[in-house]
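**Q** Dropping in coords-v5.cif, with mmCIF, C-alpha atoms and all ligand atoms.
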```cif
data_upload
#
loop_
_atom_site.label_atom_id
_atom_site.label_comp_id
_atom_site.auth_asym_id
_atom_site.auth_seq_id
_atom_site.Cartn_x
_atom_site.Cartn_y
_atom_site.Cartn_z
CA MET A 1 -25.66 7.22 7.20
CA ALA A 2 -27.34 4.56 9.29
CA GLN A 3 -27.60 5.10 12.98
CA LEU A 4 -24.53 4.00 14.89
CA LEU A 5 -24.74 1.68 17.84
CA TYR A 6 -22.10 3.11 20.09
CA GLY A 7 -21.12 1.23 23.17
CA VAL A 8 -20.69 -2.03 21.30
CA VAL A 9 -16.96 -1.89 21.21
CA CYS A 10 -14.29 -4.54 21.21
CA THR A 11 -10.88 -3.45 22.36
CA ALA A 12 -9.58 -6.83 23.46
CA VAL A 13 -6.85 -8.41 21.39
CA LEU A 14 -9.02 -11.41 20.69
CA ALA A 15 -12.00 -9.41 19.61
CA VAL A 16 -14.01 -10.62 16.67
CA LEU A 17 -15.09 -7.99 14.23
CA THR A 18 -18.76 -8.92 14.32
CA SER A 19 -18.91 -10.05 17.93
CA ALA A 20 -21.06 -7.01 18.55
CA LYS A 21 -24.23 -8.26 16.92
CA PRO A 22 -25.80 -5.79 14.56
CA THR A 23 -29.54 -5.66 14.36
CA GLY A 24 -30.93 -5.50 10.87
CA SER A 25 -29.24 -2.98 8.62
CA GLU A 26 -27.65 -0.94 11.38
CA GLU A 27 -24.08 0.16 11.19
CA MET A 28 -21.90 -0.67 14.17
CA ALA A 29 -18.90 1.19 15.46
CA VAL A 30 -16.21 -1.43 15.97
CA GLU A 31 -13.03 -0.30 17.67
CA LEU A 32 -9.67 -1.78 16.90
CA ARG A 33 -7.13 -0.30 19.29
CA MET A 34 -3.84 -0.99 20.96
CA PRO A 35 -4.45 -2.72 24.29
CA GLU A 36 -2.81 -0.10 26.55
CA VAL A 37 0.72 -0.63 25.25
CA GLN A 38 3.95 0.99 26.40
CA PRO A 39 6.41 0.86 23.52
CA LYS A 40 9.86 1.69 24.83
CA LEU A 41 11.79 2.49 21.69
CA HIS A 42 11.34 5.21 19.10
CA ASP A 43 10.13 3.91 15.73
CA THR A 44 8.47 0.85 17.21
CA TYR A 45 5.79 -0.67 14.97
CA LEU A 46 3.10 -2.61 16.81
CA CYS A 47 0.33 -4.73 15.34
CA VAL A 48 -2.93 -5.92 16.86
CA PRO A 49 -5.25 -8.41 15.12
CA MET A 50 -9.03 -8.70 14.98
CA GLN A 51 -10.82 -11.67 13.48
CA ALA A 52 -13.47 -11.12 10.86
CA GLY A 53 -16.61 -13.22 11.16
CA LYS A 54 -17.68 -16.38 9.35
CA LYS A 55 -20.43 -14.22 7.98
CA ALA A 56 -19.16 -11.39 5.79
CA SER A 57 -19.19 -7.82 7.07
CA TYR A 58 -18.83 -4.56 5.25
CA ILE A 59 -16.60 -1.69 6.34
CA THR A 60 -17.82 1.69 5.16
CA GLY A 61 -15.58 4.05 7.09
CA PHE A 62 -12.64 4.53 9.42
CA LEU A 63 -12.33 7.06 12.26
CA PRO A 64 -8.82 7.48 13.62
CA HIS A 65 -7.90 7.91 17.29
CA ALA A 66 -4.29 8.90 17.51
CA ASN A 67 -2.07 11.73 18.48
CA SER A 68 0.37 12.81 15.83
CA SER A 69 3.05 13.72 18.37
CA THR A 70 3.20 10.05 19.42
CA ALA A 71 2.08 8.08 16.38
CA HIS A 72 3.69 8.63 13.01
CA HIS A 73 1.24 6.49 11.08
CA MET A 74 -1.48 3.90 11.47
CA LEU A 75 -2.46 1.39 8.82
CA ILE A 76 -5.38 -1.01 8.71
CA TYR A 77 -4.53 -4.17 6.82
CA GLY A 78 -6.72 -7.00 5.69
CA CYS A 79 -4.92 -10.34 5.99
CA ALA A 80 -5.76 -13.85 4.91
CA VAL A 81 -3.44 -14.94 7.72
CA PRO A 82 -1.88 -12.51 10.19
CA PHE A 83 1.47 -13.15 11.89
CA LYS A 84 -0.23 -13.54 15.30
CA THR A 85 -3.85 -14.10 16.16
CA ASP A 86 -3.81 -13.85 19.94
CA GLN A 87 -1.38 -11.12 20.93
CA ILE A 88 0.32 -7.96 19.74
CA TRP A 89 3.60 -8.16 17.87
CA ASN A 90 6.36 -6.01 16.54
CA CYS A 91 5.54 -5.61 12.84
CA GLY A 92 8.06 -3.00 11.75
CA GLU A 93 9.17 -2.44 8.23
CA MET A 94 12.07 -0.73 9.94
CA ALA A 95 11.77 -3.01 12.93
CA SER A 96 13.78 -2.40 16.03
CA LYS A 97 14.73 -5.97 16.92
CA ASN A 98 15.31 -5.51 20.65
CA SER A 99 11.70 -5.40 21.69
CA ASP A 100 9.82 -7.39 24.31
CA VAL A 101 7.28 -8.73 21.81
CA GLU A 102 7.81 -11.11 18.92
CA GLN A 103 8.77 -9.66 15.57
CA GLY A 104 7.22 -10.55 12.24
CA PRO A 105 5.37 -9.28 9.20
CA VAL A 106 1.85 -7.88 9.41
CA CYS A 107 0.32 -10.69 7.37
CA THR A 108 1.93 -14.00 6.55
CA GLU A 109 -0.55 -14.37 3.69
CA GLY A 110 -2.72 -12.11 1.60
CA ALA A 111 -1.94 -8.56 2.76
CA LYS A 112 -3.99 -5.56 1.67
CA ILE A 113 -4.01 -2.03 2.97
CA LEU A 114 -7.53 -0.82 3.73
CA TYR A 115 -6.90 2.47 5.48
CA ALA A 116 -3.99 4.76 6.26
CA TRP A 117 -3.74 7.52 8.82
CA ALA A 118 -0.85 9.93 9.11
CA MET A 119 -0.39 13.31 10.76
CA ASP A 120 -3.32 15.43 9.74
CA ALA A 121 -5.49 12.74 8.21
CA THR A 122 -9.14 12.73 9.13
CA SER A 123 -11.68 9.96 8.90
CA LEU A 124 -12.24 8.12 5.64
CA HIS A 125 -15.79 7.51 4.56
CA LEU A 126 -16.04 5.37 1.49
CA PRO A 127 -18.33 6.69 -1.24
CA LYS A 128 -22.05 5.94 -0.90
CA ASP A 129 -22.92 2.23 -1.23
CA VAL A 130 -19.21 1.27 -1.22
CA ALA A 131 -17.63 -1.00 1.39
CA PHE A 132 -14.66 -3.27 1.99
CA LYS A 133 -15.93 -6.80 2.37
CA VAL A 134 -14.19 -8.73 5.15
CA GLY A 135 -14.87 -12.16 6.59
CA GLY A 136 -17.11 -14.67 4.88
CA ASN A 137 -15.65 -15.70 1.54
CA SER A 138 -13.76 -12.42 1.10
CA GLU A 139 -10.18 -13.70 1.62
CA ILE A 140 -9.78 -11.13 4.38
CA ASN A 141 -10.09 -13.23 7.51
CA TRP A 142 -8.38 -10.80 9.81
CA VAL A 143 -8.12 -7.07 10.14
CA VAL A 144 -4.86 -5.82 11.62
CA LEU A 145 -4.03 -2.40 13.03
CA GLN A 146 -0.42 -1.25 12.72
CA VAL A 147 0.80 1.76 14.68
CA HIS A 148 4.19 3.33 14.09
CA TYR A 149 5.27 5.04 17.33
CA LYS A 150 7.70 7.78 16.51
CA ASP A 151 7.98 9.33 19.97
CA VAL A 152 7.73 7.09 23.03
CA HIS A 153 8.87 9.46 25.78
CA LEU A 154 5.38 9.59 27.33
CA PHE A 155 5.52 5.82 27.87
CA LEU A 156 8.79 6.04 29.83
CA PRO A 157 9.38 7.34 33.36
CA PRO A 158 8.34 9.67 34.85
CA TYR A 159 5.13 9.64 32.72
CA ASN A 160 4.64 5.87 32.26
CA GLN A 161 1.56 6.44 30.13
CA LYS A 162 -0.14 3.73 28.14
CA ASP A 163 -1.41 4.00 24.63
CA HIS A 164 -4.57 2.84 23.01
CA SER A 165 -4.36 4.48 19.62
CA GLY A 166 -6.54 2.89 17.02
CA VAL A 167 -9.39 3.17 14.61
CA THR A 168 -13.17 2.96 14.85
CA MET A 169 -14.53 1.09 11.86
CA LEU A 170 -18.06 1.55 10.66
CA VAL A 171 -19.28 -1.96 9.98
CA THR A 172 -22.52 -3.52 8.80
CA GLU A 173 -23.59 -7.02 7.88
CA THR A 174 -25.89 -5.69 5.21
CA PRO A 175 -24.17 -6.23 1.86
CA LYS A 176 -23.32 -3.07 -0.05
CA PRO A 177 -23.87 -2.93 -3.80
CA LYS A 178 -20.34 -1.70 -4.52
CA ARG A 179 -17.20 -3.39 -3.27
CA ALA A 180 -13.93 -1.59 -2.53
CA GLY A 181 -10.47 -2.89 -3.35
CA VAL A 182 -6.88 -1.69 -3.28
CA TYR A 183 -4.41 -2.24 -6.10
CA LEU A 184 -0.70 -1.66 -5.59
CA LEU A 185 1.77 -0.61 -8.26
CA ALA A 186 5.33 -1.12 -7.08
CA THR A 187 8.80 -1.72 -8.40
CA ASP A 188 11.80 -3.76 -7.54
CA GLY A 189 15.21 -2.57 -8.65
CA GLU A 190 17.67 -0.02 -7.38
CA VAL A 191 18.57 3.63 -7.30
CA ALA A 192 22.03 4.49 -8.60
CA PRO A 193 24.44 6.54 -6.44
CA ASN A 194 24.50 10.32 -6.98
CA ALA A 195 21.76 10.21 -9.57
CA VAL A 196 18.12 10.80 -10.28
CA THR A 197 16.36 7.54 -11.13
CA TYR A 198 12.85 6.86 -12.34
CA MET A 199 11.34 3.72 -10.87
CA GLU A 200 8.47 2.75 -13.14
CA ALA A 201 5.75 0.11 -13.14
CA ALA A 202 2.91 -0.63 -15.55
CA CYS A 203 0.33 -3.37 -16.00
CA SER A 204 -2.55 -3.82 -18.36
CA TYR A 205 -6.05 -4.24 -17.04
CA GLU A 206 -8.02 -6.92 -18.89
CA GLN A 207 -10.94 -7.95 -16.71
CA PRO A 208 -14.47 -7.28 -17.93
CA MET A 209 -15.68 -4.98 -15.15
CA THR A 210 -15.26 -1.23 -14.89
CA ILE A 211 -12.93 -0.05 -12.13
CA HIS A 212 -13.76 3.22 -10.38
CA PRO A 213 -10.65 4.58 -8.65
CA PHE A 214 -11.44 7.14 -5.97
CA ALA A 215 -8.35 7.46 -3.77
CA TYR A 216 -4.62 6.85 -3.92
CA ARG A 217 -1.68 6.67 -1.55
CA THR A 218 2.02 6.96 -2.21
CA HIS A 219 4.87 5.45 -0.28
CA ALA A 220 8.62 5.76 -0.62
CA HIS A 221 11.55 6.17 1.75
CA ASP A 222 14.05 9.04 1.97
CA HIS A 223 14.96 9.33 -1.72
CA GLY A 224 11.44 9.62 -3.07
CA GLU A 225 10.56 13.15 -4.26
CA VAL A 226 7.35 12.51 -6.18
CA VAL A 227 5.20 9.47 -6.92
CA SER A 228 2.70 9.67 -9.75
CA GLY A 229 0.13 7.27 -11.13
CA TYR A 230 -1.68 7.18 -14.50
CA ARG A 231 -4.26 5.53 -16.63
CA VAL A 232 -3.08 5.03 -20.19
CA ARG A 233 -5.88 4.57 -22.72
CA ASN A 234 -4.98 4.32 -26.39
CA GLY A 235 -1.70 6.03 -25.68
CA GLN A 236 -3.38 8.91 -23.84
CA TRP A 237 -2.13 9.53 -20.30
CA THR A 238 -4.47 10.68 -17.54
CA GLU A 239 -3.23 11.36 -14.05
CA LEU A 240 -4.72 9.28 -11.24
CA GLY A 241 -2.72 10.97 -8.52
CA ARG A 242 0.59 12.68 -7.85
CA LYS A 243 2.09 13.43 -4.44
CA SER A 244 5.29 13.99 -2.62
CA PRO A 245 5.79 10.86 -0.50
CA LYS A 246 7.22 13.18 2.13
CA LEU A 247 3.69 14.42 2.85
CA PRO A 248 1.48 12.38 5.19
CA GLU A 249 1.07 8.99 3.54
CA MET A 250 -2.69 8.67 3.64
CA PHE A 251 -5.28 8.13 0.93
CA TYR A 252 -6.02 11.26 -1.10
CA ASN A 253 -8.77 11.79 -3.65
CA VAL A 254 -7.81 10.91 -7.21
CA THR A 255 -6.98 13.85 -9.48
CA HIS A 256 -10.11 13.41 -11.61
CA ALA A 257 -13.20 12.37 -9.68
CA GLY A 258 -15.24 9.80 -11.61
CA ILE A 259 -12.33 8.46 -13.68
CA THR A 260 -12.77 4.83 -14.75
CA ILE A 261 -10.49 1.99 -15.78
CA LEU A 262 -11.75 -0.20 -18.61
CA PRO A 263 -10.38 -3.42 -20.06
CA GLY A 264 -7.46 -2.57 -22.33
CA ASP A 265 -6.30 0.34 -20.18
CA ILE A 266 -2.82 0.33 -18.69
CA LEU A 267 -2.13 1.39 -15.11
CA ALA A 268 1.25 3.03 -14.66
CA ALA A 269 3.21 4.56 -11.80
CA ARG A 270 6.53 6.33 -11.42
CA CYS A 271 8.63 7.22 -8.40
CA THR A 272 11.21 9.93 -8.97
CA MET A 273 14.14 9.10 -6.74
CA VAL A 274 16.93 11.56 -5.96
CA ASN A 275 20.01 9.93 -4.47
CA HIS A 276 22.73 12.20 -3.14
CA GLU A 277 24.35 9.26 -1.43
CA ASN A 278 27.44 7.52 -2.63
CA ARG A 279 25.76 4.11 -2.50
CA THR A 280 23.31 2.15 -4.57
CA VAL A 281 19.99 1.95 -2.76
CA ALA A 282 17.94 -1.16 -3.53
CA ILE A 283 14.26 -1.83 -2.97
CA GLY A 284 13.88 -3.56 0.38
CA SER A 285 12.08 -3.54 3.64
CA THR A 286 14.26 -1.44 5.91
CA VAL A 287 14.66 2.29 6.27
CA LYS A 288 18.07 2.07 4.55
CA ASP A 289 16.39 0.53 1.51
CA GLU A 290 13.91 2.19 -0.80
CA MET A 291 10.33 1.50 -1.79
CA CYS A 292 8.27 2.71 -4.70
CA ASN A 293 4.55 2.24 -4.10
CA PHE A 294 1.41 3.73 -5.62
CA TYR A 295 -1.81 2.38 -4.08
CA LEU A 296 -5.08 2.81 -5.89
CA MET A 297 -8.33 2.46 -3.92
CA TYR A 298 -11.30 1.72 -6.14
CA TRP A 299 -14.81 0.37 -6.19
CA VAL A 300 -16.62 -1.92 -8.57
CA ASP A 301 -20.31 -2.58 -9.05
CA GLY A 302 -21.09 -5.90 -7.42
CA GLU A 303 -18.79 -8.51 -5.86
CA ASP A 304 -15.97 -8.91 -8.33
CA ILE A 305 -12.97 -6.83 -7.40
CA MET A 306 -9.77 -7.11 -9.43
CA ASP A 307 -8.10 -10.54 -9.54
CA GLU A 308 -4.71 -8.97 -9.13
CA ASN A 309 -3.71 -6.93 -6.13
CA TYR A 310 -0.20 -6.10 -7.24
CA CYS A 311 1.61 -4.81 -10.29
CA VAL A 312 5.33 -5.13 -9.66
CA SER A 313 7.93 -4.27 -12.26
CA PRO A 314 11.62 -5.22 -12.11
CA GLY A 315 12.40 -1.50 -11.93
CA PRO A 316 15.69 0.17 -12.77
CA PRO A 317 18.14 -0.52 -14.23
CA SER A 318 16.37 -3.26 -16.15
CA TRP A 319 12.84 -1.98 -16.78
CA TYR A 320 11.29 1.35 -17.74
CA TRP A 321 7.97 2.50 -19.19
CA SER A 322 9.73 3.05 -22.50
CA ASP A 323 10.21 -0.72 -22.78
CA VAL A 324 6.47 -1.04 -23.37
CA HIS A 325 5.48 0.05 -26.83
CA ALA A 326 1.73 0.20 -26.14
CA ILE A 327 2.26 2.62 -23.29
CA HIS A 328 3.34 5.40 -25.66
CA ALA A 329 6.03 6.69 -23.38
CA GLU A 330 6.38 9.71 -25.66
CA ASN A 331 3.06 10.90 -24.21
CA VAL A 332 4.10 10.79 -20.54
CA PRO A 333 2.86 14.04 -19.01
CA ALA A 334 5.57 16.62 -18.63
CA ASP A 335 4.78 16.98 -14.92
CA ALA A 336 5.12 13.28 -14.07
CA SER A 337 8.31 14.13 -12.19
CA VAL A 338 7.20 17.49 -10.82
CA VAL A 339 6.49 17.76 -7.10
CA PRO A 340 2.98 19.25 -6.85
CA GLY A 341 3.24 22.92 -6.00
CA THR A 342 6.60 23.30 -7.73
CA THR A 343 7.51 23.74 -11.37
CA GLU A 344 10.85 21.99 -11.74
CA VAL A 345 10.94 18.77 -13.74
CA ILE A 346 13.24 16.37 -11.89
CA LYS A 347 15.05 14.81 -14.80
CA ALA A 348 16.53 11.34 -14.65
CA THR A 349 20.27 11.05 -15.07
CA GLY A 350 22.06 8.12 -16.62
CA ALA A 351 21.36 6.03 -19.63
CA LYS A 352 19.49 2.81 -20.04
CA VAL A 353 20.18 -0.11 -22.28
CA VAL A 354 17.32 -1.96 -23.90
CA VAL A 355 17.79 -5.52 -25.01
CA GLU A 356 15.14 -7.47 -26.88
CA ASN A 357 14.09 -10.67 -25.16
CA ASP A 358 11.94 -13.68 -25.76
CA LEU A 359 8.53 -12.82 -24.31
CA ASP A 360 7.87 -16.20 -22.67
CA GLN A 361 11.20 -16.18 -20.94
CA VAL A 362 10.55 -12.65 -19.84
CA LYS A 363 7.16 -13.66 -18.43
CA ASP A 364 8.66 -16.50 -16.41
CA GLU A 365 11.27 -14.19 -15.03
CA PHE A 366 8.66 -11.62 -14.17
CA ILE A 367 6.59 -14.17 -12.26
CA GLN A 368 9.70 -15.32 -10.42
CA LEU A 369 10.54 -11.75 -9.62
CA LEU A 370 7.12 -11.10 -8.14
CA GLU A 371 7.39 -14.20 -5.99
CA ASN A 372 10.81 -13.18 -4.75
CA PHE A 373 9.50 -9.70 -4.00
CA ARG A 374 6.63 -11.12 -1.96
CA ASP A 375 8.84 -13.57 -0.12
CA ARG A 376 11.38 -10.95 0.67
CA VAL A 377 8.90 -8.39 1.87
CA GLU A 378 6.78 -10.84 3.78
CA ALA A 379 9.89 -12.22 5.46
CA GLY A 380 10.46 -8.64 6.57
CA GLY A 381 14.20 -9.03 6.46
CA ASN A 382 16.83 -6.80 4.97
CA PRO A 383 17.25 -8.47 1.63
CA GLU A 384 20.38 -9.00 -0.33
CA PRO A 385 20.03 -7.13 -3.60
CA GLU A 386 18.86 -9.47 -6.36
CA PRO A 387 21.75 -10.83 -8.38
CA ARG A 388 21.60 -9.25 -11.81
CA ASP A 389 22.41 -10.66 -15.19
CA GLU A 390 25.12 -8.91 -17.13
CA GLU A 391 22.59 -7.56 -19.59
CA PRO A 392 19.57 -5.58 -18.49
CA GLU A 393 16.34 -7.08 -19.76
CA ASN A 394 13.48 -5.70 -21.70
CA PHE A 395 10.19 -6.69 -20.12
CA ASN A 396 6.86 -6.29 -21.70
CA TYR A 397 3.98 -5.36 -19.46
CA TYR A 398 1.28 -7.91 -18.88
CA HIS A 399 -0.83 -9.43 -16.17
CA TYR A 400 1.03 -11.69 -13.84
CA PRO A 401 -0.91 -14.40 -11.98
C1 LIG B 501 9.05 -3.75 -0.99
C2 LIG B 501 7.83 -2.86 -0.95
O1 LIG B 501 7.65 -2.03 -1.83
N1 LIG B 501 7.00 -3.01 0.10
C3 LIG B 501 5.81 -2.17 0.23
C4 LIG B 501 4.71 -2.70 -0.55
C5 LIG B 501 4.02 -3.90 -0.05
C6 LIG B 501 2.82 -3.71 0.59
C7 LIG B 501 2.11 -4.78 1.01
C8 LIG B 501 4.50 -5.20 -0.21
C9 LIG B 501 3.79 -6.25 0.21
C10 LIG B 501 2.58 -6.08 0.85
O2 LIG B 501 1.87 -7.14 1.30
I1 LIG B 501 0.26 -4.46 1.86
I2 LIG B 501 4.46 -8.19 -0.10
C11 LIG B 501 5.51 -1.85 1.68
O3 LIG B 501 5.87 -2.59 2.55
N2 LIG B 501 4.88 -0.69 1.88
C12 LIG B 501 4.57 -0.11 3.17
C13 LIG B 501 3.78 -0.93 4.13
O4 LIG B 501 4.55 -1.77 4.88
C14 LIG B 501 2.63 -1.62 3.48
C15 LIG B 501 3.71 1.10 2.98
O5 LIG B 501 3.58 1.88 3.92
O6 LIG B 501 3.14 1.27 1.92
CU CU B 502 5.24 5.86 10.12
CU CU B 503 8.48 1.31 3.01
#
```
Represent the structure of the file as structure tokens.
**A**
Amino acid sequence: MAQLLYGVVCTAVLAVLTSAKPTGSEEMAVELRMPEVQPKLHDTYLCVPMQAGKKASYITGFLPHANSSTAHHMLIYGCAVPFKTDQIWNCGEMASKNSDVEQGPVCTEGAKILYAWAMDATSLHLPKDVAFKVGGNSEINWVVLQVHYKDVHLFLPPYNQKDHSGVTMLVTETPKPKRAGVYLLATDGEVAPNAVTYMEAACSYEQPMTIHPFAYRTHAHDHGEVVSGYRVRNGQWTELGRKSPKLPEMFYNVTHAGITILPGDILAARCTMVNHENRTVAIGSTVKDEMCNFYLMYWVDGEDIMDENYCVSPGPPSWYWSDVHAIHAENVPADASVVPGTTEVIKATGAKVVVENDLDQVKDEFIQLLENFRDRVEAGGNPEPEPRDEEPENFNYYHYP
């Protein structure tokens, strides 16, 4: 590890990532922290932006500074365009509206998660020679820190403390030979009342370069029991990662170190949702809604990361893995719906109907669906459930643009 130049720190809201000039190949410690904030409500989400330079820089690691009794999670996002560039804002998925700062999404364009801290997470050092490229021509023009404050009593009288939780990023301007990326598998759809539902997503990978996944992160809301991700090669399923989303939602090492994704492979993810409630729970952006997310952090040799950042399926009740012939759903590992450390298979209840559809029509609908998903999530609102056709549809997996 190159020598760190401590003392070159930027805590101001308007800080520029590379404003601390590196000399030669040295790695800098760049701090992105809350500017002494006093959130007043539990479950406040605050965001602070930092501009990446005109010249590209390379992030090789993240060191968290947060106290788990105050902060529930911290995320570092890369944005093409953040919601605000000159001040903090309220960027809650489960946003409490009555706050003294403006409310909006993290990014208004091009969001990517680069780092996640929760509870007992430690620092993340990317593998040797691997870095996230930001600034320059990277499409990440801003880096945004999000902090979820779960307990704010220290910021209220009589304590009146201020918070500057955040992350130190290890940054260099020396290009790294391997570039990191994050790919998200997610679903739309809904969870039936009083039932166990599998929310499943799958996409084929067709680009020429080899993908080297090294970490994964799961995310769901209250109904998620286990989220699992797989590589399917010639009908053979290999686990990428499997976790209870109730555990700290940080990046964990993939199940098999050194696993690769080659053109022709399929990436697949499943969230096993248990709903004891008497209501249908749809995918959406508030705490009352659900989410089904499997993030895959990977590196590639050279500059070209994956073209796609998302794989979003329509989800239940209209789409399941078994709708994709090439996925060989009969080979799904028996423990795909087993919470690690337990032995019980959480079986899905309910039946599904499969209807054959015209593939082109299905593609158009799929693209539309992805756009709606993005719009809805980026708008940050509590969406109306998507109107559904009378007949569930059979989607084939494929790359969406
Ligand atoms: C509806 C849904 O699943 N939202 C997720 C995934 C998502 C992440 C990003 C959607 C979009 C994004 O730009 I980055 I559009 C979601 O919001 N997940 C939360 C974070 O807010 C990212 C999570 O903790 O994973
Ligand atoms: Cu949180
Ligand atoms: Cu969520």
**Q** Using only C-alpha atoms and all ligand atoms, determine which residues fall within 9 Å of ligand CU 503 (chain B), then list them as number ranges by chain.
**A** A: 93-94, 219-221, 283-287, 289-293
**Q** To one decimal in Å, tell me the separation between atom CA of A:Arg217 and atom CA of A:Ala348.
**A**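 Rounded to one decimal, the two atoms are 22.9 Å apart.
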**Q** Take atom CA of A:Met34 and atom CA of A:Gly78 and report the distance between them in Å, one decimal.
**A** 16.7 Å
**Q** Can you work out which residues are within 8 Å of ligand CU 502 (chain B), considering only C-alpha atoms and all ligand atoms, and then hand them over as a ChimeraX atom specification?
**A** /A:43,71-74,118,147-150
**Q** Within 9 Å of ligand LIG 501 (chain B), counting all atoms listed in the file: which residues, as a count of residues only?
**A** 52
**Q** For A:Met306, list every protein, DNA or RNA residue within 9 Å, evaluated using all atoms listed in the file, and leave out those in the same chain fewer than 5 positions away; present the list as a list in words.
**A**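 Result of the neighbour search: Gly181, Val182, Tyr183, Tyr205, Gln207, Met209, Ile211 and Val300 of chain A.
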**Q** Atom CA of A:Asn137 to atom CA of A:Leu46: how many Å, to one decimal?
**A**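 Spanning atom CA of A:Asn137 to atom CA of A:Leu46 is a straight-line distance of 27.5 Å.
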**Q** Could you produce a table of the residues of stretch 193-228 of chain A lying within 10 Å of stretch 319-334 of chain A, with the nearest pair of atoms per residue and their separation in Å rounded to one decimal, using all atoms listed in the file, ordered by chain and increasing residue number, as a tab-separated table?
**A**
```
residue	atom	partner	partner_atom	distance
A:Tyr198	CA	A:Tyr320	CA	7.9
A:Met199	CA	A:Tyr320	CA	7.3
A:Glu200	CA	A:Tyr320	CA	5.6
A:Ala201	CA	A:Trp321	CA	6.9
A:Ala202	CA	A:Trp321	CA	7.0
A:Cys203	CA	A:Ile327	CA	9.6
A:Ser204	CA	A:Ile327	CA	9.4
```
**Q** So that I can see what lies close to stretch 166-174 of chain A, please list as a ChimeraX atom specification the residues with an atom at most 8 Å from it, counting only C-alpha atoms and leaving out residues fewer than 2 positions away in the same chain.
**A** /A:22,24-34,55-66,74,145,147,164,176
**Q** Taking into account only C-alpha atoms, which residue in the set A:Val144, A:Val152, A:Val227, A:Met273 is nearest to A:Asn194?
**A**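 That would be A:Met273, the residue with the smallest distance to A:Asn194.
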**Q** Which of these residues is nearest to A:Asp335, using all atoms listed in the file: A:Thr349, A:Ser228, A:Ser313, A:Asn275?
**A**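 Going through A:Thr349, A:Ser228, A:Ser313, A:Asn275 one by one, the smallest distance to A:Asp335 is for A:Ser228.
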**Q** From the list A:Lys246, A:Pro175, A:Ile88, A:Asn234, which residue is nearest A:Ala131 when using only C-alpha atoms?
**A**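 Of A:Lys246, A:Pro175, A:Ile88, A:Asn234, the one nearest A:Ala131, counting only C-alpha atoms, is A:Pro175.
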**Q** Pick from A:Thr70, A:Ala269, A:Glu277, A:Tyr45: nearest to A:His153, with all atoms listed in the file counted?
**A**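 Once distances to A:His153 are computed over all atoms listed in the file, the minimum belongs to A:Thr70.
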**Q** Near A:Ala192, counting only C-alpha atoms, which residues have an atom at most 8 Å away, once you skip same-chain residues fewer than 6 positions from it, shown as a ChimeraX atom specification?
**A** /A:275,279-281
**Q** Which one is closest to A:Asp307: A:Asp86, A:Glu36, A:Glu206, A:Glu225? Count all atoms listed in the file.
**A** A:Glu206
**Q** Of the candidates A:Val81, A:Val101, A:Cys271, A:Leu240, which one gets nearest to A:Asn141 if we count only C-alpha atoms?
**A** A:Val81
**Q** Select all residues near (-12.2, 2.8, -6.7) (cut-off 6 Å, inclusive, file coordinates), counting all atoms listed in the file, and output them as a list in words.
**A**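 Those residues, ordered by chain and then number, are His212, Pro213, Phe214, Met297, Tyr298 and Trp299 of chain A.
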